[in-house]
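This is start-v3.tsv. It holds TSV, C-alpha atoms and all ligand atoms.
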chain	number	residue	atom	x	y	z
A	1	MET	CA	-32.99	10.23	-174.56
A	2	ASN	CA	-30.76	12.54	-176.53
A	3	ASP	CA	-28.31	12.40	-173.72
A	4	LEU	CA	-28.38	8.58	-173.74
A	5	ILE	CA	-27.68	8.38	-177.47
A	6	LYS	CA	-24.89	10.88	-177.07
A	7	ARG	CA	-23.38	8.90	-174.21
A	8	MET	CA	-23.59	5.60	-176.16
A	9	LEU	CA	-21.92	7.19	-179.14
A	10	LEU	CA	-19.21	8.65	-177.00
A	11	VAL	CA	-18.46	5.45	-175.09
A	12	THR	CA	-18.29	3.58	-178.42
A	13	LEU	CA	-15.92	6.18	-179.77
A	14	SER	CA	-13.73	6.11	-176.74
A	15	LEU	CA	-13.66	2.29	-176.76
A	16	ILE	CA	-12.61	2.44	-180.39
A	17	SER	CA	-9.90	4.89	-179.46
A	18	LEU	CA	-8.78	2.57	-176.67
A	19	PHE	CA	-8.97	-0.88	-178.26
A	20	GLY	CA	-8.52	0.24	-181.82
A	21	GLY	CA	-5.10	1.51	-180.79
A	22	PRO	CA	-3.21	0.26	-183.85
A	23	VAL	CA	-5.76	1.74	-186.28
A	24	LEU	CA	-5.76	5.11	-184.61
A	25	ALA	CA	-1.99	4.93	-184.20
A	26	ALA	CA	-1.65	4.41	-187.94
A	27	GLU	CA	-3.90	7.38	-188.60
A	28	LYS	CA	-2.04	9.39	-186.02
A	29	THR	CA	1.22	8.99	-187.88
A	30	THR	CA	-0.39	10.76	-190.84
A	31	SER	CA	-2.48	13.44	-189.11
A	32	PRO	CA	-2.59	13.10	-185.30
A	33	ASP	CA	-4.01	16.57	-184.71
A	34	VAL	CA	-6.87	16.03	-187.16
A	35	ALA	CA	-7.87	12.69	-185.62
A	36	GLN	CA	-7.70	14.12	-182.11
A	37	ARG	CA	-9.74	17.18	-183.07
A	38	GLU	CA	-12.37	15.04	-184.79
A	39	ILE	CA	-12.84	12.83	-181.74
A	40	THR	CA	-12.97	15.79	-179.37
A	41	GLN	CA	-15.41	17.68	-181.54
A	42	LEU	CA	-17.67	14.69	-182.02
A	43	ALA	CA	-17.68	13.87	-178.33
A	44	GLY	CA	-17.58	17.35	-176.94
A	45	ALA	CA	-15.31	18.76	-174.26
A	46	ASP	CA	-17.92	18.13	-171.56
A	47	TYR	CA	-17.94	14.45	-172.31
A	48	TRP	CA	-14.18	14.15	-172.01
A	49	ARG	CA	-14.28	16.07	-168.76
A	50	GLN	CA	-16.89	13.66	-167.39
A	51	LEU	CA	-14.87	10.71	-168.59
A	52	ARG	CA	-11.82	11.97	-166.73
A	53	GLN	CA	-13.94	12.33	-163.59
A	54	GLY	CA	-14.76	8.62	-163.78
A	55	GLU	CA	-18.33	9.03	-165.14
A	56	GLN	CA	-20.00	5.73	-166.09
A	57	GLY	CA	-21.09	5.21	-169.71
A	58	TYR	CA	-22.99	2.43	-171.44
A	59	THR	CA	-21.54	-0.77	-172.76
A	60	THR	CA	-22.99	-4.14	-173.75
A	61	SER	CA	-20.44	-5.87	-171.55
A	62	SER	CA	-21.98	-6.96	-168.25
A	63	PHE	CA	-18.72	-7.12	-166.33
A	64	PRO	CA	-18.43	-4.79	-163.35
A	65	GLU	CA	-17.12	-1.31	-164.15
A	66	HIS	CA	-16.77	-1.92	-167.89
A	67	GLY	CA	-18.68	1.32	-168.47
A	68	VAL	CA	-16.00	3.32	-166.64
A	69	LEU	CA	-13.05	4.17	-168.85
A	70	ILE	CA	-11.06	6.29	-166.43
A	71	SER	CA	-11.12	5.23	-162.78
A	72	LYS	CA	-10.88	8.35	-160.66
A	73	PRO	CA	-10.22	6.59	-157.28
A	74	GLY	CA	-7.44	4.69	-159.10
A	75	GLU	CA	-5.43	7.89	-158.83
A	76	THR	CA	-5.46	7.57	-155.02
A	77	TRP	CA	-4.18	4.00	-155.35
A	78	TYR	CA	-1.47	5.14	-157.74
A	79	ILE	CA	-0.32	7.89	-155.36
A	80	LEU	CA	-0.35	5.56	-152.33
A	81	LYS	CA	1.65	2.96	-154.23
A	82	GLU	CA	4.14	5.05	-156.16
A	83	LYS	CA	4.57	8.08	-153.93
A	84	TRP	CA	4.33	6.52	-150.49
A	85	MET	CA	4.69	2.77	-150.28
A	86	SER	CA	7.39	2.36	-152.89
A	87	PRO	CA	9.85	4.92	-151.39
A	88	ALA	CA	9.01	3.84	-147.81
A	89	GLY	CA	9.68	0.20	-148.79
A	90	ALA	CA	13.08	1.09	-150.26
A	91	VAL	CA	14.01	2.95	-147.06
A	92	ALA	CA	12.84	-0.01	-144.92
A	93	ILE	CA	14.83	-2.57	-146.94
A	94	PHE	CA	18.05	-0.53	-147.02
A	95	GLY	CA	17.48	0.34	-143.32
A	96	SER	CA	17.20	-3.37	-142.42
A	97	LEU	CA	20.34	-4.19	-144.41
A	98	ALA	CA	22.21	-1.36	-142.69
A	99	MET	CA	21.02	-2.61	-139.29
A	100	VAL	CA	22.23	-6.18	-139.79
A	101	ILE	CA	25.59	-4.88	-141.05
A	102	ALA	CA	25.82	-2.67	-137.95
A	103	VAL	CA	24.87	-5.60	-135.68
A	104	TYR	CA	27.58	-7.74	-137.32
A	105	PHE	CA	30.32	-5.13	-136.82
A	106	LEU	CA	29.22	-3.81	-133.43
A	107	MET	CA	28.11	-7.02	-131.71
A	108	GLY	CA	29.65	-9.75	-133.85
A	109	PRO	CA	28.27	-13.26	-134.32
A	110	LEU	CA	27.10	-15.30	-131.36
A	111	MET	CA	29.85	-17.90	-130.89
A	112	LEU	CA	29.71	-21.08	-128.80
A	113	SER	CA	31.21	-20.33	-125.38
A	114	GLU	CA	32.39	-23.92	-124.84
A	115	PRO	CA	34.10	-26.35	-127.24
A	116	ARG	CA	31.95	-28.75	-129.25
A	117	THR	CA	31.66	-32.26	-127.82
A	118	GLY	CA	31.29	-33.90	-131.22
A	119	THR	CA	28.07	-35.65	-130.12
A	120	LYS	CA	25.28	-34.91	-132.59
A	121	ILE	CA	21.62	-34.44	-131.81
A	122	ARG	CA	18.89	-34.75	-134.45
A	123	ARG	CA	17.03	-31.43	-134.79
A	124	TRP	CA	15.40	-31.25	-138.22
A	125	SER	CA	14.02	-34.23	-140.17
A	126	ARG	CA	14.60	-34.58	-143.93
A	127	PHE	CA	11.04	-33.37	-144.56
A	128	ASP	CA	11.54	-30.31	-142.30
A	129	ARG	CA	14.68	-29.36	-144.19
A	130	ALA	CA	13.10	-29.87	-147.59
A	131	LEU	CA	10.18	-27.70	-146.47
A	132	HIS	CA	12.47	-24.96	-145.13
A	133	TRP	CA	14.71	-24.76	-148.19
A	134	SER	CA	11.79	-24.93	-150.63
A	135	MET	CA	10.20	-22.04	-148.74
A	136	ALA	CA	13.49	-20.12	-148.63
A	137	PHE	CA	14.01	-20.55	-152.40
A	138	THR	CA	10.40	-19.70	-153.28
A	139	PHE	CA	10.28	-16.71	-150.95
A	140	LEU	CA	13.61	-15.25	-152.07
A	141	THR	CA	12.93	-15.62	-155.79
A	142	LEU	CA	9.43	-14.12	-155.32
A	143	ALA	CA	11.01	-11.27	-153.36
A	144	PHE	CA	13.56	-10.55	-156.11
A	145	SER	CA	11.03	-10.77	-158.95
A	146	GLY	CA	8.54	-8.64	-156.96
A	147	LEU	CA	11.15	-6.02	-156.16
A	148	THR	CA	12.09	-5.92	-159.86
A	149	LEU	CA	8.43	-5.27	-160.72
A	150	VAL	CA	8.26	-2.35	-158.27
A	151	TYR	CA	11.75	-0.85	-158.46
A	152	GLY	CA	13.10	-2.18	-161.79
A	153	LYS	CA	12.05	0.98	-163.61
A	154	HIS	CA	14.42	2.96	-161.37
A	155	PHE	CA	17.48	0.72	-161.05
A	156	LEU	CA	17.44	-1.27	-164.31
A	157	LYS	CA	15.38	0.35	-167.06
A	158	PRO	CA	17.53	3.47	-167.51
A	159	TYR	CA	20.68	1.38	-167.98
A	160	VAL	CA	19.62	-1.34	-170.47
A	161	SER	CA	18.10	-1.47	-173.96
A	162	SER	CA	14.32	-1.60	-174.24
A	163	GLU	CA	14.55	-5.21	-175.54
A	164	ILE	CA	16.45	-6.35	-172.44
A	165	TRP	CA	14.14	-4.37	-170.14
A	166	GLY	CA	11.06	-5.85	-171.83
A	167	GLY	CA	12.43	-9.40	-171.49
A	168	VAL	CA	13.40	-8.98	-167.83
A	169	ILE	CA	10.15	-7.41	-166.71
A	170	TYR	CA	8.07	-9.97	-168.64
A	171	ALA	CA	10.04	-12.84	-167.07
A	172	ALA	CA	9.71	-11.30	-163.59
A	173	LYS	CA	5.95	-10.93	-164.01
A	174	GLN	CA	5.40	-14.45	-165.34
A	175	TYR	CA	7.61	-15.99	-162.65
A	176	HIS	CA	5.85	-14.04	-159.91
A	177	ASN	CA	2.38	-14.96	-161.19
A	178	TYR	CA	3.07	-18.68	-161.52
A	179	ILE	CA	5.25	-19.28	-158.45
A	180	GLY	CA	3.09	-17.19	-156.07
A	181	PRO	CA	0.55	-19.99	-155.44
A	182	ILE	CA	3.41	-22.38	-154.51
A	183	PHE	CA	4.31	-19.99	-151.66
A	184	PHE	CA	0.75	-20.36	-150.39
A	185	VAL	CA	0.96	-24.17	-150.44
A	186	LEU	CA	4.31	-24.14	-148.60
A	187	LEU	CA	2.90	-21.72	-146.04
A	188	VAL	CA	0.02	-24.09	-145.27
A	189	LEU	CA	2.47	-27.00	-144.95
A	190	MET	CA	4.64	-24.98	-142.54
A	191	LEU	CA	1.58	-24.08	-140.49
A	192	VAL	CA	0.48	-27.69	-140.23
A	193	LYS	CA	4.00	-29.03	-139.53
A	194	TRP	CA	5.44	-26.45	-137.07
A	195	TRP	CA	2.56	-24.69	-135.27
A	196	LYS	CA	2.69	-26.83	-132.14
A	197	LYS	CA	6.31	-26.21	-131.29
A	198	SER	CA	5.89	-22.48	-132.03
A	199	LEU	CA	3.24	-21.75	-129.39
A	200	PHE	CA	4.42	-19.14	-126.89
A	201	ASN	CA	4.81	-20.04	-123.19
A	202	LYS	CA	6.12	-18.45	-119.98
A	203	THR	CA	9.77	-19.21	-120.78
A	204	ASP	CA	9.47	-17.06	-123.91
A	205	TRP	CA	8.58	-13.92	-121.93
A	206	VAL	CA	11.74	-14.31	-119.87
A	207	TRP	CA	13.70	-14.81	-123.09
A	208	PHE	CA	12.20	-11.57	-124.50
A	209	LYS	CA	12.95	-9.65	-121.29
A	210	LYS	CA	16.60	-10.71	-121.50
A	211	LEU	CA	16.65	-9.86	-125.24
A	212	GLY	CA	17.73	-13.41	-125.94
A	213	GLY	CA	21.02	-12.75	-124.15
A	214	MET	CA	22.19	-10.88	-127.22
A	215	ALA	CA	22.25	-7.30	-125.92
A	216	GLY	CA	21.93	-5.13	-122.81
A	217	LYS	CA	22.83	-6.24	-119.28
A	218	TYR	CA	22.03	-9.90	-120.04
A	219	LYS	CA	24.42	-10.01	-123.01
A	220	GLY	CA	26.36	-13.26	-123.11
A	221	THR	CA	23.85	-15.15	-120.94
A	222	HIS	CA	21.83	-17.94	-122.51
A	223	PRO	CA	18.18	-17.54	-121.48
A	224	SER	CA	16.30	-20.83	-121.30
A	225	ALA	CA	14.51	-22.05	-124.41
A	226	GLY	CA	12.72	-25.17	-125.62
A	227	PHE	CA	12.98	-26.47	-129.20
A	228	SER	CA	12.42	-22.92	-130.53
A	229	ASN	CA	13.34	-19.78	-128.66
A	230	ALA	CA	11.00	-16.78	-128.47
A	231	GLY	CA	12.77	-14.99	-131.36
A	232	GLU	CA	12.33	-18.00	-133.65
A	233	LYS	CA	8.68	-18.31	-132.70
A	234	LEU	CA	8.20	-14.64	-133.54
A	235	VAL	CA	9.82	-15.18	-136.94
A	236	TYR	CA	7.57	-18.18	-137.54
A	237	TRP	CA	4.33	-16.35	-136.67
A	238	LEU	CA	5.42	-13.31	-138.66
A	239	LEU	CA	5.75	-15.59	-141.67
A	240	ILE	CA	2.42	-17.32	-141.06
A	241	VAL	CA	0.31	-14.20	-140.34
A	242	VAL	CA	1.86	-11.65	-142.69
A	243	GLY	CA	2.53	-14.38	-145.27
A	244	THR	CA	-1.19	-15.25	-145.27
A	245	PHE	CA	-2.05	-11.63	-146.14
A	246	ALA	CA	0.60	-11.62	-148.88
A	247	ALA	CA	-0.55	-14.96	-150.29
A	248	LEU	CA	-4.32	-14.26	-150.24
A	249	SER	CA	-3.98	-10.77	-151.72
A	250	GLY	CA	-1.64	-12.28	-154.33
A	251	LEU	CA	-4.23	-14.91	-155.26
A	252	ILE	CA	-6.89	-12.18	-155.67
A	253	LEU	CA	-4.55	-10.37	-158.05
A	254	ASP	CA	-3.53	-13.59	-159.82
A	255	PHE	CA	-7.08	-14.73	-160.59
A	256	PRO	CA	-9.20	-11.69	-161.53
A	257	ILE	CA	-12.11	-13.90	-162.56
A	258	PHE	CA	-14.32	-13.64	-159.49
A	259	ASP	CA	-15.94	-10.30	-160.29
A	260	GLN	CA	-13.23	-8.34	-158.51
A	261	THR	CA	-13.72	-4.61	-159.00
A	262	ARG	CA	-10.90	-2.16	-159.58
A	263	ARG	CA	-11.18	-1.18	-155.90
A	264	ASP	CA	-10.68	-4.84	-154.85
A	265	MET	CA	-7.62	-5.09	-157.07
A	266	GLU	CA	-6.17	-1.80	-155.84
A	267	LEU	CA	-6.70	-2.75	-152.18
A	268	SER	CA	-5.22	-6.21	-152.76
A	269	ASN	CA	-2.26	-4.64	-154.49
A	270	LEU	CA	-1.56	-2.33	-151.52
A	271	VAL	CA	-2.02	-5.14	-148.96
A	272	HIS	CA	0.20	-7.42	-151.07
A	273	MET	CA	2.96	-4.87	-151.39
A	274	PHE	CA	2.87	-3.85	-147.72
A	275	SER	CA	2.90	-7.41	-146.36
A	276	ALA	CA	5.65	-8.49	-148.79
A	277	LEU	CA	7.83	-5.54	-147.71
A	278	VAL	CA	7.30	-6.37	-144.01
A	279	LEU	CA	8.28	-10.00	-144.68
A	280	ILE	CA	11.34	-9.06	-146.72
A	281	CYS	CA	12.61	-6.75	-143.94
A	282	GLY	CA	11.87	-9.34	-141.24
A	283	PHE	CA	13.63	-12.11	-143.12
A	284	ILE	CA	16.76	-10.02	-143.73
A	285	PHE	CA	17.36	-10.48	-139.96
A	286	HIS	CA	16.50	-14.19	-140.07
A	287	ILE	CA	18.88	-14.82	-142.96
A	288	TYR	CA	21.62	-12.83	-141.24
A	289	ILE	CA	21.32	-14.97	-138.09
A	290	GLY	CA	21.13	-18.19	-140.09
A	291	LEU	CA	24.15	-17.39	-142.29
A	292	PHE	CA	26.49	-15.29	-140.12
A	293	GLY	CA	24.93	-14.37	-136.77
A	294	MET	CA	24.96	-17.65	-134.83
A	295	GLU	CA	27.68	-20.28	-134.88
A	296	GLY	CA	26.31	-23.76	-135.52
A	297	ALA	CA	22.72	-22.85	-136.50
A	298	LEU	CA	23.12	-23.35	-140.24
A	299	GLU	CA	24.60	-26.84	-139.95
A	300	GLY	CA	21.40	-27.92	-138.19
A	301	MET	CA	19.25	-26.82	-141.12
A	302	VAL	CA	21.70	-28.29	-143.66
A	303	THR	CA	22.56	-31.68	-142.12
A	304	GLY	CA	19.63	-32.06	-139.71
A	305	ASP	CA	21.98	-32.49	-136.70
A	306	VAL	CA	23.42	-30.02	-134.19
A	307	ASP	CA	26.30	-30.34	-131.77
A	308	GLU	CA	25.47	-31.14	-128.14
A	309	THR	CA	27.16	-27.90	-126.97
A	310	TRP	CA	25.01	-25.80	-129.35
A	311	ALA	CA	21.85	-27.54	-128.13
A	312	LYS	CA	22.80	-26.99	-124.45
A	313	GLN	CA	23.59	-23.30	-124.95
A	314	HIS	CA	20.73	-22.19	-127.16
A	315	HIS	CA	17.93	-24.65	-126.37
A	316	ASP	CA	18.68	-26.03	-122.89
A	317	LEU	CA	15.10	-27.19	-122.15
A	318	TRP	CA	14.91	-29.05	-125.45
A	319	TYR	CA	18.33	-30.60	-124.76
A	320	GLU	CA	17.11	-31.87	-121.37
A	321	GLU	CA	13.99	-33.30	-123.00
A	322	VAL	CA	16.04	-35.18	-125.60
A	323	ARG	CA	18.37	-36.52	-122.87
A	324	GLU	CA	15.40	-37.70	-120.76
A	325	GLN	CA	13.84	-39.40	-123.78
A	326	GLU	CA	17.12	-41.14	-124.57
A	327	GLN	CA	17.49	-42.27	-120.95
A	328	SER	CA	13.95	-43.64	-120.72
A	329	LEU	CA	14.48	-45.35	-124.08
A	330	ASP	CA	17.70	-46.90	-122.74
A	331	LYS	CA	15.88	-48.04	-119.59
A	332	SER	CA	13.02	-49.64	-121.51
A	333	ASN	CA	15.54	-51.33	-123.85
A	334	ILE	CA	17.40	-52.74	-120.85
A	335	LYS	CA	14.12	-53.90	-119.31
A	336	SER	CA	12.99	-55.65	-122.48
A	337	MET	CA	16.40	-57.28	-122.85
A	338	GLU	CA	16.17	-58.46	-119.22
A	339	ALA	CA	12.66	-59.78	-119.84
A	340	LYS	CA	13.86	-61.69	-122.90
A	341	THR	CA	16.76	-63.20	-120.91
A	342	ASP	CA	14.35	-64.24	-118.09
A	343	GLU	CA	12.04	-65.93	-120.64
A	344	ARG	CA	14.96	-68.00	-121.90
A	401	LIG	C1	19.60	-18.05	-147.05
A	401	LIG	C2	18.46	-18.03	-146.43
A	401	LIG	C3	18.14	-18.70	-145.13
A	401	LIG	C4	18.94	-19.28	-144.18
A	401	LIG	C5	20.44	-19.39	-144.20
A	401	LIG	C6	18.09	-19.79	-143.14
A	401	LIG	C7	18.53	-20.46	-142.02
A	401	LIG	C8	17.72	-21.03	-141.06
A	401	LIG	C9	18.17	-21.82	-139.95
A	401	LIG	C10	19.62	-22.14	-139.66
A	401	LIG	C11	17.10	-22.21	-139.24
A	401	LIG	C12	17.10	-23.12	-138.01
A	401	LIG	C13	17.27	-22.40	-136.71
A	401	LIG	C14	17.30	-23.40	-135.58
A	401	LIG	O1	17.69	-24.55	-135.78
A	401	LIG	O2	16.93	-23.05	-134.46
A	401	LIG	C15	15.94	-21.67	-139.89
A	401	LIG	C16	14.64	-21.84	-139.46
A	401	LIG	C17	13.55	-21.28	-140.07
A	401	LIG	N1	13.54	-20.60	-141.28
A	401	LIG	FE1	15.17	-20.05	-142.36
A	401	LIG	N2	16.81	-19.51	-143.46
A	401	LIG	C18	16.79	-18.85	-144.66
A	401	LIG	C19	15.69	-18.37	-145.32
A	401	LIG	C20	14.41	-18.47	-144.87
A	401	LIG	C21	13.26	-17.92	-145.53
A	401	LIG	C22	13.32	-17.08	-146.80
A	401	LIG	C23	12.19	-18.27	-144.80
A	401	LIG	C24	10.74	-17.96	-145.02
A	401	LIG	C25	10.30	-16.98	-145.73
A	401	LIG	C26	12.65	-19.03	-143.66
A	401	LIG	C27	11.83	-19.52	-142.67
A	401	LIG	C28	12.26	-20.21	-141.56
A	401	LIG	C29	11.40	-20.64	-140.47
A	401	LIG	C30	9.89	-20.41	-140.39
A	401	LIG	C31	12.20	-21.32	-139.56
A	401	LIG	C32	11.73	-21.96	-138.24
A	401	LIG	C33	11.67	-20.94	-137.19
A	401	LIG	C34	13.04	-20.53	-136.80
A	401	LIG	O3	13.82	-21.39	-136.40
A	401	LIG	O4	13.33	-19.33	-136.94
A	401	LIG	N3	14.00	-19.15	-143.74
A	401	LIG	N4	16.36	-20.97	-140.99
If you took the structure in this file and wrote it as structure tokens, what would it be?
Amino acid sequence: MNDLIKRMLLVTLSLISLFGGPVLAAEKTTSPDVAQREITQLAGADYWRQLRQGEQGYTTSSFPEHGVLISKPGETWYILKEKWMSPAGAVAIFGSLAMVIAVYFLMGPLMLSEPRTGTKIRRWSRFDRALHWSMAFTFLTLAFSGLTLVYGKHFLKPYVSSEIWGGVIYAAKQYHNYIGPIFFVLLVLMLVKWWKKSLFNKTDWVWFKKLGGMAGKYKGTHPSAGFSNAGEKLVYWLLIVVGTFAALSGLILDFPIFDQTRRDMELSNLVHMFSALVLICGFIFHIYIGLFGMEGALEGMVTGDVDETWAKQHHDLWYEEVREQEQSLDKSNIKSMEAKTDER
């Protein structure tokens, strides 16, 4: 009983010291040592030791873990995040950037091996393009705000005033929290809209074996591909699978109102950070190919149309399909015109 009363008193005191920050801070400015000694003496060294070990106390709050002031397993999360994942992520991002720069200088962009014919083929509808660029904008701004949250204290904080740092980090956090759910919605739309044409088939294995004709003994060849080649399908499924982990863990962190424990939040945080880093590294390669690595790809995603030569070289099976469709359309048009003439 005595022990219970002691514990209640001590948890109350420690809560006061935690939430009554300003009051204690004011006292501290006058006599910090005295206040500290008083609390320690009242509570006892044993109590503080237990508290640091994550011992549970009593509180009237019924929320999970409210009785625990110091979360001991939280230290493991902190070490995994700050000492392992954060440096490994920085190495992975700079490594990916170095790799695409090396690819650009060593292999150069993939140019069209025949002149353009000037005939355009429709590849992406207006909706497809709107979806792609909304996703690209959302993803990139989430990546930059997320990276600021993780690495800002190293590359920005030491060089700016505390007011500027406070403003930047607050803006990054708010942006990340509010825009995150939009990424999830766009991901679902991309799944619904593009899953069918991204299913792997036999042609894709040949494409993989020949490394897309980009390196090795098959360099310069154009392995067969349908609407999407195997590399593009891989990029798509990377986004869908890893993006789902990033989005769901992000939602758990964004809405801590479903009785999530500290362990749930820590795990979600690690999953979120890991999946976001994998996506960022993966999409450094995608963006390189889209912007500099392949002649004629970007104009397809900007205007919706690609040149006939580009279609033939990179997506020969799709090109044949489009041609066949056009021919059968022409034939049925001719037939219906003939039928109309006969009727007259
Ligand atoms: C400046 C940034 C970006 C550029 C220049 C770019 C460029 C492109 C281009 C040109 C294509 C069409 C390829 C083709 O017609 O075969 C494409 C497709 C695609 N993009 Fe992007 N993109 C960018 C950012 C992103 C981002 C951030 C994401 C998602 C996080 C993304 C996801 C996709 C997906 C899923 C496809 C369809 C699969 C594929 O063709 O790879 N893109 N992109």
How would you write, as number ranges by chain, the set of residues no farther than 8 Å from ligand LIG 401 (chain A) when counting all atoms listed in the file? A: 123-124, 132-133, 135-140, 190, 194, 198, 227-229, 231-237, 239, 279, 283, 286-291, 297-302
Residues near Gly250 of chain A, cut-off 9 Å, only C-alpha atoms, skip fewer than 5 positions along chain, as a list in words: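 Everything that qualifies: Asn177, Gly180, Pro181, Phe245, Phe255, Ser268, Asn269, Val271 and His272 of chain A.
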Answer as a PyMOL selection string, residues within 8 Å of (5.2, -14.0, -127.1) using all atoms listed in the file: chain A and resi 200-201+204-205+208+230+233-234
I need the chosen residues saved as a PDB file, in the coordinates of the input, with C-alpha atoms.
ATOM      1  CA  PHE A 200       4.420 -19.140-126.890  1.00  0.00           C
ATOM      2  CA  ASN A 201       4.810 -20.040-123.190  1.00  0.00           C
ATOM      3  CA  ASP A 204       9.470 -17.060-123.910  1.00  0.00           C
ATOM      4  CA  TRP A 205       8.580 -13.920-121.930  1.00  0.00           C
ATOM      5  CA  PHE A 208      12.200 -11.570-124.500  1.00  0.00           C
ATOM      6  CA  ALA A 230      11.000 -16.780-128.470  1.00  0.00           C
ATOM      7  CA  LYS A 233       8.680 -18.310-132.700  1.00  0.00           C
ATOM      8  CA  LEU A 234       8.200 -14.640-133.540  1.00  0.00           C
TER       9      LEU A 234
END
Axis-aligned box for all listed atoms of segment 109-114 of chain A, 8 Å per side, centre and edges in Å to one decimal, as JSON:
{"center_x": 29.7, "center_y": -18.6, "center_z": -129.6, "size_x": 21.3, "size_y": 26.7, "size_z": 25.5}
Can you tell me, as a ChimeraX atom specification, what residues are no more than 7 Å from segment 46-53 of chain A when counting all atoms listed in the file, ignoring any on the same chain fewer than 3 positions away? /A:43,69-70,72
Would you compute the distance between atom CA of Pro158 of chain A and atom CA of Asp254 of chain A? Give it in Å to one decimal. 28.2 Å
Which residues, protein or nucleic acid, reach to within 12 Å of (-3.6, -23.1, -147.2) in the file's coordinates when using all atoms listed in the file, and can you give that as a list in words?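 It turns out the residues near that spot are Pro181, Ile182, Phe183, Phe184, Val185, Leu186, Leu187, Val188, Leu189, Met190, Leu191, Val192, Ile240, Val241, Gly243, Thr244, Phe245, Ala247, Leu248 and Leu251 of chain A.
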Nearest-residue call for Val68 of chain A, choices A:Gln313, A:Thr303, A:Thr117, A:Thr261, using only C-alpha atoms: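 Once distances to Val68 of chain A are computed over only C-alpha atoms, the minimum belongs to A:Thr261.
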Could you state the separation of atom CA of Gln174 of chain A and atom CA of Phe144 of chain A in Å, given to one decimal place?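 Separating atom CA of Gln174 of chain A from atom CA of Phe144 of chain A is a distance of 12.9 Å.
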How far is it from atom CA of His176 of chain A to atom CA of Gly146 of chain A, in Å with one decimal?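 That distance, rounded to one decimal, is 6.7 Å.
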